[in-house]
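**Q** Pasting a structure below so you can have a look.
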Amino acid sequence: MMKSVIAENLVKTYDNGRVRALDGLSLDVSEGTVLGVLGPNGAGKTTTVRVLSTLITPDSGSAQVAGIDVIKHPEKVREVIGLSGQYAAVDETLTGWDNLIMFGRLYHLSAAQAKIRATELLNQFNLTDAAKRPIKTYSGGMRRRLDLAASLIVHPKILFLDEPTTGLDPRGRKEMWGVIKGLVEEGTTLLLTTQYLEEADQLADEIVVVDHGKVIARGTADSLKRDIGGERLEIVVELTDLAKSQEIVAKVASGKVNVEEDLGRISAPVSTGSRALIDAARQLDESSIHPLDIGLKRPSLDDVFIALTGHAAEEEKSEPEVKAGKRGR
Amino acid sequence: MSNTKSASAISDALIITKRQMLQLFRVPEVLIFSTIQPVMFVVLFRFVFGGSISTGIPGVDYVQLLMPGIFVQTVAFTLAGTAVGLAEDMQKGLIDRFRSLPISRSAVVFGRALGDGLLNVVVLTVMGITGFIVGWRPTSGALNIFFGFLFLLLFGFAMAWIGILIGLSVREARVASSVVFIAVFPLTFLSNAFAPTTGMPKILQYFAEWNPVSTMVAGCRELFGLENLFGVTANSLPSQHPLQMSLLYMFLIMAIFIPLSVRKYVRASSKK
């Protein structure tokens, strides 16, 4: 398959080499697919997007977007990409309409074309009613949608979305996912960064996990979940019930049962989801065991990291991405 | 090819300028407050100092010397708005978005300088009318008065480039406005704008004499039909040829700050 985005051995350092934001990162995105770049704050996700969207030049390494060399011909790359960042990069004093017209004109659409496109996009993103209001009055989700709309004005072949749902409430996140899925159906090639495994799972065809400026794992959401065991059943019981409970959990588990005796906590991977939970609960009840806590745990980014690296996805305060997250509003 | 390129660079810049005009339209408070302050200055200086500062010229009122001084001070201070506006655009990631668009690398900063230049048209008009109400009467004829205002607008355009560099260099909008205040406030007071420099300590007199604000003020006074008597302490070049010196200063400011600003913009990533 044609590769729309190729990055090879990207290195970017800050503070005279003391911070290695990118440390030999390589990835590629096939045409018409979605790549999820998953990692904690400071892993190098934003820096990757900034290199690929020509905002910064890497210290070394190479990258092509739509077959164009990012370092040699950034101006040509800018004609085929759309970029939407972690924060809504639009003029907040202007209305949604004003912003879309301005960006349309900056993409060299005629005044008439810009108006047609603005109308289409406002409609597509459910913002028609808010078109004449200043962005300042928009909710977080509306701002992000407008920001995304602004990056789609000229139907870019390749779209970079840097943490499109960070900071949104669950409803805003769901709306945004719907919008992004719609774009993917239209055939846009998408590179999306996220801190949420669930988001990558929902949207991406393929996922790369980054840490310390490098790709540490690559695969589909399913294969990554297989690696880390998918859903886990977790119960906490009195120490006196520990042995019996462990037996019960073992019956419903699909893998190795893990027991933390000091905490009275028993956990194990399960493949049947809530079925396993109900079975376990019934059997515990039949044995007159009343767990202090019982539940299904979906794998989180931390679980992926613990499984892949043996350490949790810690935040590294020295890295530029962390500062980026705190900027803006 | 290069013709269409520069044509689109100009039209890109004009879109950015239009954005600023739209902002003024959407948030008219900005324009109202940026005119109230200079108007207040005109009225206060006119009536607070007007009575106690003698111009030393028979028949010439303080207000005649004051107005060119306040014009120059106000125009110089508009670079604060430029710096703050750009710093905010940086903070909000708007500059990143502009930089990811297929537009000329100088469009955003040129559009900004032009927009702030146009804002000065409004401010100067309101101030001129206020001045007229409190007794300012330029005597040099329509053409020279027109040149006087053009001269002020050009100064505003040149100074905007300093604001652009400051705005792109600081991390926070609040810092931008303090940097500008610290830099511009002394410049406007260590000049002949409000009082004769002859009362200053010798060393400050020399500074005031070569200060671009002084040459601008002296140049404006000439264009508005006054002999410039404030600040002539020696037969120095700036006090003898204030117009030419001012043009030279403006040229130097632009020759230094336009390339620096464009360069900064091209490399500006909102952080490091």
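Residue names in the structure tokens use chain letters A, B, ... in the order shown, residue numbers from 1 in each chain, and ligand numbers from 1 in the order shown.
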With only C-alpha atoms considered, list every residue of chain B at most 7 Å from chain A, as a CSV table (one decimal) with N, CA and C atoms, in the first residue's frame.

**A**
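Dumped everything to part_35.csv:
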```
chain,number,residue,atom,x,y,z
B,12,ASP,N,-2.2,38.0,1.0
B,12,ASP,CA,-2.2,37.2,2.3
B,12,ASP,C,-2.1,38.2,3.5
B,15,ILE,N,-5.2,40.0,4.2
B,15,ILE,CA,-6.2,39.2,4.9
B,15,ILE,C,-6.0,39.3,6.4
B,23,GLN,N,-11.6,42.4,14.2
B,23,GLN,CA,-11.5,42.3,15.7
B,23,GLN,C,-12.0,43.6,16.3
B,26,ARG,N,-15.7,43.7,16.1
B,26,ARG,CA,-16.3,42.7,17.0
B,26,ARG,C,-16.2,43.1,18.5
B,91,GLN,N,0.7,32.4,22.1
B,91,GLN,CA,0.2,31.6,23.2
B,91,GLN,C,-1.0,30.7,22.8
B,92,LYS,N,-1.8,31.2,22.0
B,92,LYS,CA,-3.0,30.5,21.7
B,92,LYS,C,-2.8,29.5,20.5
B,93,GLY,N,-1.6,29.5,20.0
B,93,GLY,CA,-1.3,28.5,18.9
B,93,GLY,C,-1.8,29.0,17.5
B,94,LEU,N,-2.2,30.2,17.5
B,94,LEU,CA,-2.7,30.8,16.2
B,94,LEU,C,-1.5,30.9,15.2
B,96,ASP,N,1.1,29.1,15.1
B,96,ASP,CA,1.4,27.7,14.6
B,96,ASP,C,0.5,27.4,13.4
B,97,ARG,N,-0.8,27.7,13.6
B,97,ARG,CA,-1.7,27.4,12.5
B,97,ARG,C,-1.3,28.2,11.2
B,99,ARG,N,1.5,29.3,10.5
B,99,ARG,CA,2.7,28.7,9.9
B,99,ARG,C,2.5,27.4,9.2
B,100,SER,N,1.4,26.7,9.5
B,100,SER,CA,1.2,25.5,8.8
B,100,SER,C,0.4,25.7,7.5
B,101,LEU,N,0.0,27.0,7.2
B,101,LEU,CA,-0.7,27.3,6.0
B,101,LEU,C,0.2,27.6,4.8
B,102,PRO,N,-0.2,27.3,3.6
B,102,PRO,CA,0.6,27.6,2.4
B,102,PRO,C,0.6,29.1,2.1
B,103,ILE,N,1.1,30.0,3.1
B,103,ILE,CA,1.1,31.4,2.8
B,103,ILE,C,2.5,31.9,2.9
B,269,SER,N,8.5,28.8,17.1
B,269,SER,CA,7.5,27.8,17.4
B,269,SER,C,7.1,28.3,18.7
```

**Q** Could you work out how far CA of Val108 in chain B lies from CA of Ala7 in chain A, giving the answer in Å with one decimal?

**A** 29.2 Å

**Q** So that I can check the secondary structure, give me every residue of range 72-210 of chain A assigned strand (DSSP E or B) by backbone DSSP, as an MDAnalysis selection string.

**A** chainID A and resid 81:84 95 134 158:162 189:194 206:210

**Q** Store the residues of this selection in a file with C-alpha atoms, as a tab-separated table (two decimals), in the first residue's frame.

**A**
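Result file part-v9.tsv:
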```
chain	number	residue	atom	x	y	z
A	81	ILE	CA	-1.94	18.85	5.02
A	82	GLY	CA	-4.39	19.94	7.65
A	83	LEU	CA	-3.31	20.44	11.26
A	84	SER	CA	-5.38	20.73	14.38
A	95	THR	CA	-17.00	34.57	15.07
A	134	PRO	CA	-17.60	34.95	18.83
A	158	ILE	CA	-3.46	14.12	5.10
A	159	LEU	CA	-4.65	15.33	8.45
A	160	PHE	CA	-2.68	15.64	11.69
A	161	LEU	CA	-4.70	15.77	14.87
A	162	ASP	CA	-2.73	16.40	18.03
A	189	THR	CA	-5.37	9.76	5.86
A	190	LEU	CA	-5.08	10.58	9.51
A	191	LEU	CA	-2.30	10.69	12.07
A	192	LEU	CA	-3.75	11.18	15.50
A	193	THR	CA	-1.98	11.48	18.81
A	194	THR	CA	-3.68	10.59	22.04
A	206	GLU	CA	-3.01	0.87	13.67
A	207	ILE	CA	-1.34	2.13	16.83
A	208	VAL	CA	2.24	3.02	17.65
A	209	VAL	CA	3.14	3.43	21.30
A	210	VAL	CA	5.80	6.06	21.94
```

**Q** As an exercise, work out the distance from CA of Ala13 in chain B to CA of Leu243 in chain B in Å and give it to one decimal place.

**A**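 Taking CA of Ala13 in chain B and CA of Leu243 in chain B, their separation equals 29.4 Å.
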
**Q** Provide the CA of Tyr62 in chain B to CA of Gly50 in chain B distance in Å, to one decimal place.

**A**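 Computing the Euclidean distance for CA of Tyr62 in chain B and CA of Gly50 in chain B yields 5.4 Å.
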
**Q** Name the residues in contact with Leu122 in chain A at a cut-off of 12 Å, using only C-alpha atoms, excluding same-chain residues fewer than 5 positions from it; report them as a PyMOL selection string.

**A** chain A and resi 95-101+115-117+127-132+142-143+145-150+152-153

**Q** Please identify all polymer residues within 12 Å of Ala218 in chain B, counting only C-alpha atoms, omitting same-chain residues fewer than 6 positions from it, and present them as a PyMOL selection string.

**A** chain B and resi 64-72+148+151-152+191-194+196+208-212+224-232+238-246

**Q** Could you check which of A:Lys136, A:Arg18, A:Lys12, A:Lys72 is closest to Lys45 in chain A, using only C-alpha atoms?

**A**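 Closest to Lys45 in chain A, using only C-alpha atoms: A:Lys12.
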
**Q** Looking only at alpha helix (DSSP H) from DSSP on the backbone, list the matching residues of range 146-220 of chain A as a ChimeraX atom specification.

**A** /A:146-151,170-185,197-203

**Q** Can you tell me which residues surround Gly115 in chain B at a distance of at most 8 Å, considering only C-alpha atoms, apart from same-chain residues fewer than 6 positions away, and format the answer as a ChimeraX atom specification?

**A** /B:16-18,20-21

**Q** Would you mind listing what lies within 9 Å of Ile266 in chain A as a PyMOL selection string, with only C-alpha atoms counted and same-chain residues fewer than 2 positions away left out?

**A** chain A and resi 233-237+242+245-246+249+257-261+263-264+268

**Q** Just the selected residues (N, CA and C atoms), exported as a compact mmCIF listing (two decimals), in the first residue's frame, please.

**A**
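Below is the file that was written, again_11.txt:
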```
# COMPACT_ATOMS: atom_id res chain seq x y z
N LEU A 233 -10.47 -8.96 35.52
CA LEU A 233 -11.39 -9.00 36.66
C LEU A 233 -10.56 -8.72 37.90
N GLU A 234 -11.06 -7.83 38.74
CA GLU A 234 -10.28 -7.50 39.93
C GLU A 234 -11.20 -7.55 41.14
N ILE A 235 -10.83 -8.31 42.18
CA ILE A 235 -11.63 -8.31 43.40
C ILE A 235 -10.73 -8.09 44.61
N VAL A 236 -11.33 -7.49 45.64
CA VAL A 236 -10.61 -7.31 46.89
C VAL A 236 -11.45 -7.99 47.98
N VAL A 237 -10.81 -8.90 48.72
CA VAL A 237 -11.55 -9.65 49.76
C VAL A 237 -10.79 -9.63 51.08
N LEU A 242 -9.17 -15.30 51.05
CA LEU A 242 -8.28 -15.16 49.89
C LEU A 242 -8.15 -16.45 49.08
N SER A 245 -11.38 -17.47 47.24
CA SER A 245 -11.66 -16.51 46.17
C SER A 245 -10.75 -16.74 44.98
N GLN A 246 -9.49 -17.05 45.28
CA GLN A 246 -8.53 -17.27 44.20
C GLN A 246 -8.99 -18.43 43.32
N VAL A 249 -11.86 -17.19 41.07
CA VAL A 249 -11.37 -16.33 39.98
C VAL A 249 -10.68 -17.18 38.91
N VAL A 257 -3.67 -15.97 37.18
CA VAL A 257 -4.29 -15.20 38.27
C VAL A 257 -3.19 -14.56 39.10
N ASN A 258 -3.38 -13.27 39.34
CA ASN A 258 -2.37 -12.52 40.08
C ASN A 258 -2.92 -12.21 41.48
N VAL A 259 -2.17 -12.55 42.52
CA VAL A 259 -2.65 -12.31 43.88
C VAL A 259 -1.69 -11.38 44.62
N GLU A 260 -2.25 -10.30 45.17
CA GLU A 260 -1.45 -9.43 46.03
C GLU A 260 -1.95 -9.64 47.45
N GLU A 261 -1.23 -10.51 48.18
CA GLU A 261 -1.75 -10.96 49.48
C GLU A 261 -1.91 -9.82 50.48
N LEU A 263 -2.69 -6.84 50.08
CA LEU A 263 -3.85 -5.98 49.81
C LEU A 263 -5.15 -6.78 49.76
N GLY A 264 -5.03 -8.09 49.75
CA GLY A 264 -6.22 -8.92 49.57
C GLY A 264 -6.79 -8.80 48.17
N ALA A 268 -7.17 -11.05 37.36
CA ALA A 268 -6.86 -11.99 36.30
C ALA A 268 -7.49 -11.51 35.00
```

**Q** List as a count of residues only the protein and nucleic acid residues near range 30-47 of chain B, meaning an atom at most 8 Å away when only C-alpha atoms are counted, but skip any in the same chain fewer than 4 places from it.

**A** 14
